[in-house]
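Shown next, in structure tokens, is the structure this report addresses.
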Amino acid sequence: MSAKVKQFNCSGLPAGNAHVYGIYTMGNYVTTINGRRVYSTNIPGIGYAVGVDGSIFDSYGTHSCMTPTPGWIGEPDGRYDNEPYSPNNFFSCSSSLVSSYSATFYLQFYKISHPVGSGRLDLSNQIYSAAYFSPSTGIIYGKLPLITIPSDVINTSCTSSVSPNPVNLPTINTGQLPWLNSTAGNTTFNINTTCQNTTNLYVTFTDKNNTSQTGSILTPDNSSTTKGLGMQLSYNSNIVHYGPDAVGSGNTNQFFLRTFSGQQSFPFSVSYIRTGAIMAGTLATTATFTFSYQ
């Protein structure tokens, strides 16, 4: 939802009593991510978290239930007494006055295992807007299901291969690399990719021998005997920089390839690059790549 929607209208209560408002889920807890409790779905590999941004309108006007917003199941809430469905809830605010409660609800999906399946995602009657009395016997007196219609999940994963594999650069002599950062032995290769559904395809390359590096020169394998040389990848004449082996949107040095379905071949190249005083020998490096479907 993009705007707050009214959930409950409640009467006034005696002093020391209150209406308490929030959300809860009947889902099965599997893990916690960034402080949010994540619950399984009927689709393998997909979990969800639920958040809320609520506000109350009463004789004092309209006021937000929390700062910052939204609040998520798993984060600290007001810790009202005897909360129903604890810990699978988040109760954001309360009032003893004649009041109405409105809220915007948030649903965040997470990849929780591999592989991710596809099919009809059904969260019907699992997530509720809720209200209960405080002091409480732990019984909810008002609840509204937030999702009542299933939705379809399409697995957009793709298959890929590298040709040739391995990529072999030509033998060169040291005179072909006369100065620091000069390159030689440029060799092309392709990443051939097939996606059954239309996919916004992004990629991150990772230096297997130094997975934390974000530069552009691959670290030599332990089998290498040369000194003063590295290898550098390029795509569309742009030098590739490396990042973590992760699929999230905005991953460090992730870049866009293409929006497509079917088969595509992406041309890359790799070159020797001089990094220091050269000692002749053999050089081997290893890069991995991770696709992100966005």
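The chains in the structure tokens are called A, B, ... from first to last as shown; in each chain the residues are counted from 1, and the ligands are counted from 1 in the order shown.
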Near Gly142 (chain A), within 7 Å and counting only C-alpha atoms, which residues show up once chain neighbours fewer than 4 positions away are dropped, as a PDB file with C-alpha atoms, in the first residue's frame?
```pdb
ATOM      1  CA  ALA A 130      -4.697  -6.596  14.840  1.00  0.00           C
ATOM      2  CA  ALA A 131      -6.055  -4.880  17.939  1.00  0.00           C
ATOM      3  CA  TYR A 132      -6.359  -6.074  21.542  1.00  0.00           C
TER       4      TYR A 132
END
```
Task: Shell of 10 Å around Thr290 (chain A), only C-alpha atoms, local chain residues under 4 positions omitted, as a ChimeraX atom specification - done: /A:202-206,243-247,254
- [ ] Could you check how far CA of Leu146 (chain A) sits from CA of Ala103 (chain A), in Å to one decimal?
- [x]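 One can read the CA of Leu146 (chain A) to CA of Ala103 (chain A) distance as 11.2 Å.
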- [ ] Quick one: pull the distance between CA of Asn165 (chain A) and CA of Leu283 (chain A), Å, one decimal.
- [x]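 Computed distance, CA of Asn165 (chain A) to CA of Leu283 (chain A), equals 16.2 Å.
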- [ ] Excluding region 184-190 of chain A and any residue of its chain fewer than 5 positions from it, enumerate the residues within 7 Å of it, using only C-alpha atoms, and give them as a list in words.
- [x]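 Contacts, in chain order: Val162, Ser163, Pro164, Val167, Leu169, Pro170, Ile172, Gln176, Leu177, Ser265, Phe266, Pro267, Phe268, Ser269, Val270, Ser271, Tyr272 and Ile273 of chain A.
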Could you save the residues just selected, with N, CA and C atoms, as a PDB file, in the first residue's frame?
```pdb
ATOM      1  N   VAL A 162      30.948 -20.501 -20.183  1.00  0.00           N
ATOM      2  CA  VAL A 162      32.037 -19.652 -20.660  1.00  0.00           C
ATOM      3  C   VAL A 162      32.740 -20.366 -21.801  1.00  0.00           C
ATOM      4  N   SER A 163      32.975 -19.644 -22.897  1.00  0.00           N
ATOM      5  CA  SER A 163      33.704 -20.242 -24.019  1.00  0.00           C
ATOM      6  C   SER A 163      34.769 -19.261 -24.524  1.00  0.00           C
ATOM      7  N   PRO A 164      36.009 -19.731 -24.703  1.00  0.00           N
ATOM      8  CA  PRO A 164      36.489 -21.047 -24.260  1.00  0.00           C
ATOM      9  C   PRO A 164      36.665 -21.084 -22.746  1.00  0.00           C
ATOM     10  N   VAL A 167      40.213 -19.876 -20.295  1.00  0.00           N
ATOM     11  CA  VAL A 167      40.666 -18.859 -21.239  1.00  0.00           C
ATOM     12  C   VAL A 167      42.191 -18.818 -21.183  1.00  0.00           C
ATOM     13  N   LEU A 169      45.668 -17.184 -22.449  1.00  0.00           N
ATOM     14  CA  LEU A 169      46.310 -16.044 -23.092  1.00  0.00           C
ATOM     15  C   LEU A 169      47.580 -16.508 -23.804  1.00  0.00           C
ATOM     16  N   PRO A 170      48.026 -15.766 -24.818  1.00  0.00           N
ATOM     17  CA  PRO A 170      49.235 -16.176 -25.548  1.00  0.00           C
ATOM     18  C   PRO A 170      50.500 -15.952 -24.712  1.00  0.00           C
ATOM     19  N   ILE A 172      53.910 -14.238 -24.136  1.00  0.00           N
ATOM     20  CA  ILE A 172      54.465 -12.941 -24.539  1.00  0.00           C
ATOM     21  C   ILE A 172      55.889 -12.829 -24.002  1.00  0.00           C
ATOM     22  N   GLN A 176      57.074  -6.629 -24.413  1.00  0.00           N
ATOM     23  CA  GLN A 176      55.740  -6.177 -24.814  1.00  0.00           C
ATOM     24  C   GLN A 176      55.041  -5.380 -23.711  1.00  0.00           C
ATOM     25  N   LEU A 177      55.665  -5.327 -22.535  1.00  0.00           N
ATOM     26  CA  LEU A 177      55.096  -4.575 -21.408  1.00  0.00           C
ATOM     27  C   LEU A 177      56.159  -3.605 -20.897  1.00  0.00           C
ATOM     28  N   SER A 265      24.946 -13.829 -25.912  1.00  0.00           N
ATOM     29  CA  SER A 265      26.370 -14.056 -25.720  1.00  0.00           C
ATOM     30  C   SER A 265      27.017 -12.718 -25.392  1.00  0.00           C
ATOM     31  N   PHE A 266      27.674 -12.640 -24.244  1.00  0.00           N
ATOM     32  CA  PHE A 266      28.284 -11.395 -23.787  1.00  0.00           C
ATOM     33  C   PHE A 266      29.798 -11.479 -23.979  1.00  0.00           C
ATOM     34  N   PRO A 267      30.376 -10.593 -24.820  1.00  0.00           N
ATOM     35  CA  PRO A 267      31.812 -10.664 -25.123  1.00  0.00           C
ATOM     36  C   PRO A 267      32.666  -9.933 -24.084  1.00  0.00           C
ATOM     37  N   PHE A 268      33.656 -10.626 -23.570  1.00  0.00           N
ATOM     38  CA  PHE A 268      34.618 -10.057 -22.634  1.00  0.00           C
ATOM     39  C   PHE A 268      36.020 -10.254 -23.198  1.00  0.00           C
ATOM     40  N   SER A 269      36.982  -9.605 -22.572  1.00  0.00           N
ATOM     41  CA  SER A 269      38.382  -9.823 -22.933  1.00  0.00           C
ATOM     42  C   SER A 269      39.238  -9.765 -21.681  1.00  0.00           C
ATOM     43  N   VAL A 270      40.418 -10.359 -21.764  1.00  0.00           N
ATOM     44  CA  VAL A 270      41.356 -10.363 -20.653  1.00  0.00           C
ATOM     45  C   VAL A 270      42.752 -10.108 -21.200  1.00  0.00           C
ATOM     46  N   SER A 271      43.537  -9.341 -20.455  1.00  0.00           N
ATOM     47  CA  SER A 271      44.895  -8.983 -20.885  1.00  0.00           C
ATOM     48  C   SER A 271      45.862  -9.121 -19.718  1.00  0.00           C
ATOM     49  N   TYR A 272      47.139  -9.317 -20.059  1.00  0.00           N
ATOM     50  CA  TYR A 272      48.188  -9.139 -19.065  1.00  0.00           C
ATOM     51  C   TYR A 272      48.316  -7.649 -18.757  1.00  0.00           C
ATOM     52  N   ILE A 273      48.665  -7.325 -17.525  1.00  0.00           N
ATOM     53  CA  ILE A 273      48.950  -5.942 -17.163  1.00  0.00           C
ATOM     54  C   ILE A 273      50.173  -5.924 -16.252  1.00  0.00           C
TER      55      ILE A 273
END
```
TODO: Name the residues in contact with Ser86 (chain A) at a cut-off of 10 Å, using only C-alpha atoms, excluding same-chain residues fewer than 6 positions from it; report them as a list of chain:residue names.
DONE: A:Tyr24, A:Thr25, A:Ile73, A:Gly74, A:Gly138
- [ ] Considering only C-alpha atoms, return as a ChimeraX atom specification whatever protein or nucleic-acid residues lie within 12 Å of Pro14 (chain A), sequence-local ones (same chain, fewer than 5 positions apart) excluded.
- [x] /A:19,95-98,133-135
Keeping only N, CA and C atoms, write those residues as a PDB file, in the first residue's frame.
```pdb
ATOM      1  N   HIS A  19      -6.557   0.432  23.932  1.00  0.00           N
ATOM      2  CA  HIS A  19      -6.541  -0.364  22.712  1.00  0.00           C
ATOM      3  C   HIS A  19      -5.097  -0.392  22.209  1.00  0.00           C
ATOM      4  N   SER A  95      -4.053   3.525  22.584  1.00  0.00           N
ATOM      5  CA  SER A  95      -4.830   4.693  22.967  1.00  0.00           C
ATOM      6  C   SER A  95      -5.990   4.254  23.844  1.00  0.00           C
ATOM      7  N   SER A  96      -6.308   5.071  24.851  1.00  0.00           N
ATOM      8  CA  SER A  96      -7.480   4.812  25.691  1.00  0.00           C
ATOM      9  C   SER A  96      -8.652   5.705  25.296  1.00  0.00           C
ATOM     10  N   LEU A  97      -8.440   6.575  24.306  1.00  0.00           N
ATOM     11  CA  LEU A  97      -9.465   7.521  23.888  1.00  0.00           C
ATOM     12  C   LEU A  97     -10.305   6.943  22.755  1.00  0.00           C
ATOM     13  N   VAL A  98     -11.409   7.622  22.449  1.00  0.00           N
ATOM     14  CA  VAL A  98     -12.117   7.318  21.208  1.00  0.00           C
ATOM     15  C   VAL A  98     -11.147   7.607  20.070  1.00  0.00           C
ATOM     16  N   PHE A 133      -7.014  -5.538  23.823  1.00  0.00           N
ATOM     17  CA  PHE A 133      -7.118  -4.712  25.020  1.00  0.00           C
ATOM     18  C   PHE A 133      -5.883  -4.876  25.894  1.00  0.00           C
ATOM     19  N   SER A 134      -5.474  -3.791  26.530  1.00  0.00           N
ATOM     20  CA  SER A 134      -4.446  -3.830  27.568  1.00  0.00           C
ATOM     21  C   SER A 134      -5.016  -3.154  28.827  1.00  0.00           C
ATOM     22  N   PRO A 135      -4.921  -3.743  30.030  1.00  0.00           N
ATOM     23  CA  PRO A 135      -4.304  -5.026  30.371  1.00  0.00           C
ATOM     24  C   PRO A 135      -4.980  -6.176  29.621  1.00  0.00           C
TER      25      PRO A 135
END
```
Open item on the list: DSSP on the backbone, strand (DSSP E) only: what residues of region 116-242 of chain A does that give? Format it as an MDAnalysis selection string.
Closed with: chainID A and resid 119:121 127:134 140:145 151:153 158:163 183:207 227:235 238:239
Open item on the list: Report, in Å with one decimal, the straight-line distance from CA of Pro166 (chain A) to CA of Thr193 (chain A).
Closed with: 16.9 Å
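Excluding region 115-117 of chain A and any residue on its chain fewer than 5 positions from it, the residues at most 12 Å away by only C-alpha atoms are Thr41, Asn42, Ile43, Pro44, Gly45, Ile46, Gly47, Phe109, Tyr110, Asp152, Val153, Ile154, Asn155, Thr156, Ser157 and Cys158 of chain A.
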Open item on the list: as a PyMOL selection string, please: the residues near Cys93 (chain A) (cut-off 7 Å, only C-alpha atoms, same-chain neighbours under 6 positions excluded).
Closed with: chain A and resi 20-21+65
Kindly provide the residues of region 194-243 of chain A that approach region 178-181 of chain A to within 12 Å, each paired with its closest atom pair and their distance in Å to one decimal, based on only C-alpha atoms, listed by chain and increasing number, as JSON lines.
```
{"residue": "A:Ser216", "atom": "CA", "partner": "A:Asn181", "partner_atom": "CA", "distance": 11.3}
{"residue": "A:Ile217", "atom": "CA", "partner": "A:Asn181", "partner_atom": "CA", "distance": 10.1}
{"residue": "A:Gly228", "atom": "CA", "partner": "A:Leu180", "partner_atom": "CA", "distance": 9.1}
{"residue": "A:Leu229", "atom": "CA", "partner": "A:Asn181", "partner_atom": "CA", "distance": 9.2}
{"residue": "A:Gly230", "atom": "CA", "partner": "A:Asn181", "partner_atom": "CA", "distance": 9.6}
{"residue": "A:Met231", "atom": "CA", "partner": "A:Asn181", "partner_atom": "CA", "distance": 10.5}
{"residue": "A:Gln232", "atom": "CA", "partner": "A:Asn181", "partner_atom": "CA", "distance": 10.2}
```
Store the residues picked out above, limited to C-alpha atoms, as a PDB file, in the first residue's frame.
```pdb
ATOM      1  CA  SER A 216      40.684  -4.179 -11.364  1.00  0.00           C
ATOM      2  CA  ILE A 217      43.727  -6.522 -11.359  1.00  0.00           C
ATOM      3  CA  GLY A 228      55.212  -8.024 -11.703  1.00  0.00           C
ATOM      4  CA  LEU A 229      52.201  -9.186 -13.740  1.00  0.00           C
ATOM      5  CA  GLY A 230      48.466  -9.481 -13.259  1.00  0.00           C
ATOM      6  CA  MET A 231      45.413  -9.932 -15.454  1.00  0.00           C
ATOM      7  CA  GLN A 232      42.667  -7.436 -16.205  1.00  0.00           C
TER       8      GLN A 232
END
```
Task: Minimum-distance residue to Ala49 (chain A), chosen among A:Ser292, A:Thr219, A:Thr259, A:Asn88 (using only C-alpha atoms) - done: A:Asn88
Open item on the list: Could you check the closest approach to Thr137 (chain A) for each of A:Ser151, A:Phe90, A:Asp122, A:Tyr80 and tell me which residue wins, using only C-alpha atoms?
Closed with: A:Tyr80
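When only C-alpha atoms are used to compute distances to Phe291 (chain A), the closest of the residues A:Val38, A:Leu121, A:Cys195, A:Ala15 turns out to be A:Cys195.
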